[in-house]
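To keep things clear, I will list the structure first and then write my remarks on it.
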Amino acid sequence: MAPWASDWIGKYKGAPLCVVRPGSTEEVARIMAQAHETGTPVVPVGGNTGLSGGTHAEGAIALSLDRMRTIREIKPAARLAIVEAGVVLEQLHEAVSEHGLSFPMTFGAKGSCTLGGMLATNAGGSNVLRYGNTRDLCLGLEVVLPDGEVLNLMSELHKDNTGYDLKDLFIGAEGTLGVITGAVLKLSPTPRAFATAMVAAPGLDEALGLLNRLQEATGGAVEAFEYMPGAYVDAHIAKTGARAPFEARHEVNILVEIGATAPRDAVPGPDGSIPVAAYLEEVLGEMLEQGGVLDAVIAQTDAQRAEMWARREAAAAVCLGRQPLVNNDISVPLDQVGAFFTRMESVLPRLDPGAEALSVAHLGDGNIHYTVYPTDTALSDTVTQAVEDVVAELGGSFSAEHGIGLSKKPSMARRKNPVALRVMRQIKAALDPKGIMNPGKVLPD
Ligand code: FAD
């Protein structure tokens, strides 16, 4: 039971009542029917990489989907994959790449997180600005309800307006309304070439200007636009011994990646240069002259691209390995990211003069992972509330992509619209009257 007795960070520990590892939807349905009959709590578990304590299963059945790893079908013509919920993200990446297609969602946990867990948390990641969140990539869903009935919503349709969209109710519900057992997912053409660069900008406003220029120049082909402050780059070097991205140290470091699917953008010209890399170079050159960019390095090889990504994908290991910490996963409008950091620079020292902060951000979609290390655990909630205040002032959300789980329940109680909370409780009571489905998560007590 040990792997199911702790979450990825090691913050939430507790032995489950037992672990069940069904191999099919029918087996999940039989387990849920028995749990319903006996009033036994059930916690669905995928890869257990969630960062909000959503899989804490003390005294409950931990229902692991790790034997449900079948990719039922790939339909290249319709650009679809029909999968079981326990399929690991990287497994799907590899399977669809054989068809020249991609499932365009990726992040650091891709080798162990499951599609069911991603759907249950509506995961985001590094490519949201081009392809959307997990919700945007899902056409159909199969769910086992808390009483053991199977709800088959495995639609392959892009348009299907037949009453309430139940699929979207289960996506992002973090296992509190049912067990996701299967899904129909959208696929995209794999870019034939990538242009990837590390860029240093004078500030976040200039960085946003760069993003907008690149979107215009490439017809919206920017796949990733990731912000790493100087302090994060320092911490990464200290932890891994990796090389610095630039000779000089910069405060605003951006990993930018553009994906080209059209041969006209991706096939090397007579001089060997790849057009999409040339567009990137051209825009960076112009912005260097205008002072909107301070330095830039374009990856020339796959190894250089991988090195750039390794720096970004180490974020969870770099930021979350130290205690005590306050792990904020927030979002603000794109043009308010700079304002968030400016506000926190004055707010945090007033609350806890010795506190440190380390951040990375999916700048292209306004999602900031702002980790604070308070000098005393007793200050954690004060810091969280101060972050929530700043986020609210800027029109943002206290929860961007990691879900609520246990860790953000106090924020839900404080910040979520009370009418929305009441409707959520009514939905929960209607679908799970005995309250056995991942009890104690998402909804405040
Ligand atoms: P789990 O951790 O097993 O479960 C998460 C929640 O979903 C729990 O509430 C669980 O009960 C529920 N659940 C799991 N499976 C099912 C199911 N089949 N049916 C119903 N409910 C279910 N997240 C991002 O969004 N973007 C990132 O960039 C990102 N980067 C990460 C990097 C690292 C290194 C790590 C460790 C995590 C990262 N995460 C990120 C968080 C995490 O990987 C995602 O939340 C992921 O979607 C969780 O998938 P999982 O299979 O591990 O789910």
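By convention in this document, the chains of the structure tokens carry letters A, B, ... by their order, each chain's residues are numbered from 1, and ligands are numbered from 1 in the order they are shown.
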Running DSSP on the backbone, which parts of segment 249-337 of chain A land in strand (DSSP E), as a tab-separated table (two decimals) with C-alpha atoms, in the first residue's frame?
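This went into states-v1.tsv:
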chain	number	residue	atom	x	y	z
A	252	VAL	CA	13.32	37.88	-17.18
A	253	ASN	CA	14.19	34.64	-18.96
A	254	ILE	CA	11.68	33.23	-21.43
A	255	LEU	CA	11.57	29.82	-23.08
A	256	VAL	CA	9.74	30.30	-26.36
A	257	GLU	CA	8.80	27.54	-28.77
A	258	ILE	CA	7.08	27.82	-32.14
A	259	GLY	CA	5.77	24.73	-33.92
A	260	ALA	CA	5.46	24.58	-37.72
A	295	ASP	CA	19.74	38.58	-25.39
A	296	ALA	CA	18.59	35.44	-27.19
A	297	VAL	CA	19.87	31.94	-27.93
A	298	ILE	CA	18.11	29.81	-30.55
A	326	VAL	CA	3.21	27.83	0.32
A	327	ASN	CA	2.49	26.53	-3.16
A	328	ASN	CA	0.39	29.08	-5.07
A	329	ASP	CA	-1.00	28.07	-8.47
A	330	ILE	CA	-2.74	31.23	-9.63
A	331	SER	CA	-3.79	32.90	-12.86
Within 6 Å of ligand 1, which residues of chain A show up? Give each one with its shortest atom-to-atom distance in Å (one decimal) and the two atoms involved, counting only C-alpha atoms and all ligand atoms, rows by chain then rising residue number, as a Markdown table.
| residue | atom | partner | partner_atom_place_in_ligand_line | distance |
| --- | --- | --- | --- | --- |
| A:Val43 | CA | ligand 1 | 11 (O) | 5.3 |
| A:Pro44 | CA | ligand 1 | 11 (O) | 4.2 |
| A:Val45 | CA | ligand 1 | 3 (O) | 3.9 |
| A:Gly46 | CA | ligand 1 | 3 (O) | 3.3 |
| A:Gly47 | CA | ligand 1 | 52 (O) | 3.4 |
| A:Asn48 | CA | ligand 1 | 2 (O) | 3.3 |
| A:Thr49 | CA | ligand 1 | 52 (O) | 3.6 |
| A:Gly50 | CA | ligand 1 | 2 (O) | 3.4 |
| A:Leu51 | CA | ligand 1 | 41 (C) | 5.3 |
| A:Gly54 | CA | ligand 1 | 9 (O) | 3.5 |
| A:Thr55 | CA | ligand 1 | 8 (C) | 4.6 |
| A:Ala85 | CA | ligand 1 | 18 (N) | 5.2 |
| A:Phe107 | CA | ligand 1 | 28 (O) | 4.5 |
| A:Gly108 | CA | ligand 1 | 32 (C) | 4.0 |
| A:Ala109 | CA | ligand 1 | 33 (C) | 4.2 |
| A:Cys113 | CA | ligand 1 | 51 (O) | 3.8 |
| A:Thr114 | CA | ligand 1 | 51 (O) | 3.6 |
| A:Gly116 | CA | ligand 1 | 18 (N) | 3.8 |
| A:Gly117 | CA | ligand 1 | 53 (O) | 3.5 |
| A:Met118 | CA | ligand 1 | 47 (O) | 3.2 |
| A:Ala120 | CA | ligand 1 | 7 (O) | 4.6 |
| A:Thr121 | CA | ligand 1 | 7 (O) | 5.4 |
| A:Ala123 | CA | ligand 1 | 25 (O) | 3.3 |
| A:Gly124 | CA | ligand 1 | 25 (O) | 3.9 |
| A:Gly125 | CA | ligand 1 | 28 (O) | 3.5 |
| A:Glu174 | CA | ligand 1 | 9 (O) | 4.0 |
| A:Gly175 | CA | ligand 1 | 21 (N) | 3.3 |
| A:Gly178 | CA | ligand 1 | 20 (C) | 5.9 |
| A:Val179 | CA | ligand 1 | 19 (N) | 3.8 |
| A:Ile180 | CA | ligand 1 | 19 (N) | 3.7 |
| A:Thr181 | CA | ligand 1 | 18 (N) | 5.5 |
| A:Ala316 | CA | ligand 1 | 34 (C) | 4.8 |
| A:Glu401 | CA | ligand 1 | 25 (O) | 4.4 |
| A:His402 | CA | ligand 1 | 45 (O) | 4.9 |
| A:Gly405 | CA | ligand 1 | 9 (O) | 5.8 |
What would the file look like if the residues just selected were written as a short mmCIF file (atom, residue, chain, number, x, y, z; two decimals), in the first residue's frame with C-alpha atoms?
data_model
loop_
_atom_site.label_atom_id
_atom_site.label_comp_id
_atom_site.auth_asym_id
_atom_site.auth_seq_id
_atom_site.Cartn_x
_atom_site.Cartn_y
_atom_site.Cartn_z
CA VAL A 43 -10.67 7.80 -3.87
CA PRO A 44 -9.72 7.42 -7.56
CA VAL A 45 -5.96 7.48 -8.13
CA GLY A 46 -4.10 7.85 -11.44
CA GLY A 47 -0.38 8.57 -11.45
CA ASN A 48 -0.55 10.22 -7.99
CA THR A 49 1.36 13.25 -9.34
CA GLY A 50 -1.33 15.74 -8.32
CA LEU A 51 -0.04 18.69 -6.30
CA GLY A 54 -6.59 15.13 -4.16
CA THR A 55 -5.58 11.48 -3.78
CA ALA A 85 -8.22 6.44 -18.10
CA PHE A 107 4.36 18.92 -18.64
CA GLY A 108 7.00 17.66 -16.25
CA ALA A 109 4.96 14.70 -14.93
CA CYS A 113 0.50 11.19 -14.83
CA THR A 114 -2.55 9.54 -16.37
CA GLY A 116 -7.85 10.15 -16.15
CA GLY A 117 -5.99 12.29 -13.61
CA MET A 118 -5.46 15.02 -16.20
CA ALA A 120 -10.13 14.97 -13.38
CA THR A 121 -7.96 18.05 -12.70
CA ALA A 123 -4.65 19.89 -16.32
CA GLY A 124 -2.91 22.64 -18.25
CA GLY A 125 0.82 22.61 -18.88
CA GLU A 174 -11.23 15.76 -9.16
CA GLY A 175 -12.99 12.43 -8.70
CA GLY A 178 -17.48 9.66 -10.42
CA VAL A 179 -14.60 7.60 -11.75
CA ILE A 180 -13.47 8.48 -15.28
CA THR A 181 -12.71 5.20 -17.04
CA ALA A 316 8.44 21.07 -9.47
CA GLU A 401 -4.40 24.18 -13.17
CA HIS A 402 -3.57 21.89 -10.23
CA GLY A 405 -7.95 18.84 -3.65
#
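Note that atom CA of Gly395 of chain A and atom CA of Arg425 of chain A are 24.8 Å apart.
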Query raised in the report: What is the distance, in Å and to one decimal place, between atom CA of Arg192 of chain A and atom CA of Val293 of chain A?
Result: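 These two atoms are separated by 27.1 Å.
Non-sequential neighbours of segment 273-275 of chain A (distance at most 10 Å, separation of 6 or more positions within a chain, only C-alpha atoms) are Ala193, Phe194, Ala195, Ala260, Pro263, Arg264, Asp265, Ala266, Val267 and Glu281 of chain A.
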Atoms kept (N, CA, C and O atoms) for selection, written as a CSV table (one decimal), in the first residue's frame:
chain,number,residue,atom,x,y,z
A,193,ALA,N,8.6,21.0,-37.6
A,193,ALA,CA,9.8,21.6,-37.1
A,193,ALA,C,9.5,22.5,-35.9
A,193,ALA,O,8.4,23.0,-35.9
A,194,PHE,N,10.4,22.6,-35.0
A,194,PHE,CA,10.2,23.6,-33.9
A,194,PHE,C,11.3,24.6,-34.0
A,194,PHE,O,12.5,24.3,-34.3
A,195,ALA,N,11.0,25.8,-33.6
A,195,ALA,CA,12.0,26.9,-33.3
A,195,ALA,C,11.9,27.2,-31.9
A,195,ALA,O,10.8,27.6,-31.4
A,260,ALA,N,5.9,24.4,-36.3
A,260,ALA,CA,5.5,24.6,-37.7
A,260,ALA,C,5.0,23.3,-38.3
A,260,ALA,O,5.7,22.3,-38.3
A,263,PRO,N,4.8,22.5,-44.6
A,263,PRO,CA,6.1,22.3,-45.2
A,263,PRO,C,6.8,23.7,-45.5
A,263,PRO,O,8.0,23.8,-45.3
A,264,ARG,N,6.0,24.7,-45.9
A,264,ARG,CA,6.6,26.0,-46.3
A,264,ARG,C,7.3,26.6,-45.1
A,264,ARG,O,8.2,27.4,-45.3
A,265,ASP,N,6.9,26.2,-43.9
A,265,ASP,CA,7.5,26.8,-42.7
A,265,ASP,C,8.6,25.9,-42.1
A,265,ASP,O,9.4,26.3,-41.3
A,266,ALA,N,8.5,24.6,-42.5
A,266,ALA,CA,9.3,23.6,-41.7
A,266,ALA,C,10.4,23.0,-42.6
A,266,ALA,O,11.4,22.5,-42.0
A,267,VAL,N,10.3,23.0,-43.9
A,267,VAL,CA,11.3,22.3,-44.7
A,267,VAL,C,12.5,23.3,-44.9
A,267,VAL,O,12.3,24.4,-45.3
A,281,GLU,N,14.1,34.3,-35.7
A,281,GLU,CA,15.4,35.1,-35.6
A,281,GLU,C,15.1,36.6,-36.0
A,281,GLU,O,15.6,37.5,-35.5
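Restricting the calculation to only C-alpha atoms, the smallest distance between Ser399 of chain A and any of A:Gly241, A:Gly172, A:Pro104, A:Gly111 is found for A:Gly172.
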Report summary line: In terms of only C-alpha atoms, the residue from A:Pro270, A:Pro202, A:Gly148, A:Gly182 at minimal distance from Val83 of chain A is A:Gly182
List as CSV every residue of segment 150-208 of chain A that is in contact with segment 140-144 of chain A, defined as an atom at most 9 Å from one of its atoms (using only C-alpha atoms), together with the nearest atom pair and the distance in Å rounded to one decimal, sorted by chain and then rising number.
residue,atom,partner,partner_atom,distance
A:Val150,CA,A:Val144,CA,4.5
A:Leu151,CA,A:Val143,CA,5.1
A:Asn152,CA,A:Glu142,CA,4.8
A:Leu153,CA,A:Leu141,CA,4.9
A:Met154,CA,A:Gly140,CA,4.1
A:Ser155,CA,A:Gly140,CA,4.5
A:Glu156,CA,A:Gly140,CA,6.2
A:Leu157,CA,A:Gly140,CA,8.0
A:Lys167,CA,A:Leu141,CA,6.1
A:Phe170,CA,A:Val143,CA,8.0
A:Ile171,CA,A:Leu141,CA,8.9
A:Gly178,CA,A:Val144,CA,5.6
A:Val179,CA,A:Val144,CA,5.0
A:Ile180,CA,A:Val143,CA,4.4
A:Thr181,CA,A:Glu142,CA,5.5
A:Gly182,CA,A:Glu142,CA,4.7
A:Ala183,CA,A:Leu141,CA,4.3
A:Val184,CA,A:Gly140,CA,4.6
A:Leu185,CA,A:Gly140,CA,7.1
Take the residues from that selection and write them out as a PDB file, in the first residue's frame, keeping N, CA, C and O atoms.
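part-v2.pdb written:
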ATOM      1  N   VAL A 150     -22.786   2.920 -15.262  1.00  0.00           N
ATOM      2  CA  VAL A 150     -21.814   3.449 -16.225  1.00  0.00           C
ATOM      3  C   VAL A 150     -22.505   4.515 -17.069  1.00  0.00           C
ATOM      4  O   VAL A 150     -23.547   4.261 -17.681  1.00  0.00           O
ATOM      5  N   LEU A 151     -21.934   5.717 -17.076  1.00  0.00           N
ATOM      6  CA  LEU A 151     -22.459   6.811 -17.903  1.00  0.00           C
ATOM      7  C   LEU A 151     -21.596   6.881 -19.157  1.00  0.00           C
ATOM      8  O   LEU A 151     -20.430   7.279 -19.088  1.00  0.00           O
ATOM      9  N   ASN A 152     -22.176   6.458 -20.282  1.00  0.00           N
ATOM     10  CA  ASN A 152     -21.406   6.414 -21.529  1.00  0.00           C
ATOM     11  C   ASN A 152     -21.637   7.698 -22.319  1.00  0.00           C
ATOM     12  O   ASN A 152     -22.680   7.887 -22.933  1.00  0.00           O
ATOM     13  N   LEU A 153     -20.616   8.559 -22.302  1.00  0.00           N
ATOM     14  CA  LEU A 153     -20.684   9.822 -23.063  1.00  0.00           C
ATOM     15  C   LEU A 153     -19.553   9.843 -24.086  1.00  0.00           C
ATOM     16  O   LEU A 153     -18.957  10.878 -24.352  1.00  0.00           O
ATOM     17  N   MET A 154     -19.262   8.663 -24.655  1.00  0.00           N
ATOM     18  CA  MET A 154     -18.079   8.550 -25.520  1.00  0.00           C
ATOM     19  C   MET A 154     -18.370   9.068 -26.927  1.00  0.00           C
ATOM     20  O   MET A 154     -18.218   8.361 -27.929  1.00  0.00           O
ATOM     21  N   SER A 155     -18.750  10.325 -26.994  1.00  0.00           N
ATOM     22  CA  SER A 155     -19.058  10.953 -28.278  1.00  0.00           C
ATOM     23  C   SER A 155     -17.775  11.255 -29.052  1.00  0.00           C
ATOM     24  O   SER A 155     -16.760  11.634 -28.470  1.00  0.00           O
ATOM     25  N   GLU A 156     -17.850  11.073 -30.371  1.00  0.00           N
ATOM     26  CA  GLU A 156     -16.722  11.469 -31.223  1.00  0.00           C
ATOM     27  C   GLU A 156     -17.068  12.746 -31.986  1.00  0.00           C
ATOM     28  O   GLU A 156     -16.421  13.093 -32.955  1.00  0.00           O
ATOM     29  N   LEU A 157     -18.111  13.413 -31.522  1.00  0.00           N
ATOM     30  CA  LEU A 157     -18.642  14.560 -32.259  1.00  0.00           C
ATOM     31  C   LEU A 157     -18.039  15.873 -31.784  1.00  0.00           C
ATOM     32  O   LEU A 157     -17.802  16.068 -30.593  1.00  0.00           O
ATOM     33  N   LYS A 167     -20.424  15.853 -19.701  1.00  0.00           N
ATOM     34  CA  LYS A 167     -18.984  15.568 -19.769  1.00  0.00           C
ATOM     35  C   LYS A 167     -18.184  16.648 -19.008  1.00  0.00           C
ATOM     36  O   LYS A 167     -17.290  16.328 -18.225  1.00  0.00           O
ATOM     37  N   PHE A 170     -17.799  16.382 -15.171  1.00  0.00           N
ATOM     38  CA  PHE A 170     -16.843  15.435 -14.570  1.00  0.00           C
ATOM     39  C   PHE A 170     -15.400  15.885 -14.786  1.00  0.00           C
ATOM     40  O   PHE A 170     -14.525  15.550 -13.997  1.00  0.00           O
ATOM     41  N   ILE A 171     -15.158  16.641 -15.887  1.00  0.00           N
ATOM     42  CA  ILE A 171     -13.805  17.160 -16.119  1.00  0.00           C
ATOM     43  C   ILE A 171     -13.564  18.268 -15.096  1.00  0.00           C
ATOM     44  O   ILE A 171     -14.364  19.193 -14.956  1.00  0.00           O
ATOM     45  N   GLY A 178     -17.488  10.967  -9.757  1.00  0.00           N
ATOM     46  CA  GLY A 178     -17.481   9.662 -10.415  1.00  0.00           C
ATOM     47  C   GLY A 178     -16.063   9.295 -10.816  1.00  0.00           C
ATOM     48  O   GLY A 178     -15.140  10.104 -10.674  1.00  0.00           O
ATOM     49  N   VAL A 179     -15.923   8.065 -11.320  1.00  0.00           N
ATOM     50  CA  VAL A 179     -14.602   7.596 -11.749  1.00  0.00           C
ATOM     51  C   VAL A 179     -14.554   7.645 -13.279  1.00  0.00           C
ATOM     52  O   VAL A 179     -15.357   6.979 -13.949  1.00  0.00           O
ATOM     53  N   ILE A 180     -13.642   8.427 -13.817  1.00  0.00           N
ATOM     54  CA  ILE A 180     -13.472   8.477 -15.276  1.00  0.00           C
ATOM     55  C   ILE A 180     -12.754   7.195 -15.686  1.00  0.00           C
ATOM     56  O   ILE A 180     -11.688   6.876 -15.143  1.00  0.00           O
ATOM     57  N   THR A 181     -13.336   6.460 -16.623  1.00  0.00           N
ATOM     58  CA  THR A 181     -12.708   5.197 -17.044  1.00  0.00           C
ATOM     59  C   THR A 181     -12.243   5.234 -18.497  1.00  0.00           C
ATOM     60  O   THR A 181     -11.401   4.433 -18.892  1.00  0.00           O
ATOM     61  N   GLY A 182     -12.816   6.138 -19.304  1.00  0.00           N
ATOM     62  CA  GLY A 182     -12.408   6.203 -20.705  1.00  0.00           C
ATOM     63  C   GLY A 182     -12.631   7.595 -21.260  1.00  0.00           C
ATOM     64  O   GLY A 182     -13.354   8.403 -20.675  1.00  0.00           O
ATOM     65  N   ALA A 183     -11.984   7.894 -22.390  1.00  0.00           N
ATOM     66  CA  ALA A 183     -12.151   9.227 -22.988  1.00  0.00           C
ATOM     67  C   ALA A 183     -11.881   9.176 -24.482  1.00  0.00           C
ATOM     68  O   ALA A 183     -11.139   8.314 -24.977  1.00  0.00           O
ATOM     69  N   VAL A 184     -12.519  10.099 -25.203  1.00  0.00           N
ATOM     70  CA  VAL A 184     -12.223  10.334 -26.613  1.00  0.00           C
ATOM     71  C   VAL A 184     -11.468  11.658 -26.683  1.00  0.00           C
ATOM     72  O   VAL A 184     -11.992  12.694 -26.259  1.00  0.00           O
ATOM     73  N   LEU A 185     -10.228  11.600 -27.172  1.00  0.00           N
ATOM     74  CA  LEU A 185      -9.368  12.785 -27.130  1.00  0.00           C
ATOM     75  C   LEU A 185      -9.005  13.252 -28.527  1.00  0.00           C
ATOM     76  O   LEU A 185      -8.830  12.440 -29.447  1.00  0.00           O
TER      77      LEU A 185
END
Query raised in the report: How many Å separate atom CA of Asn122 of chain A from atom CA of Arg135 of chain A?
Result: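 Distance reported for this atom pair: 5.8 Å.
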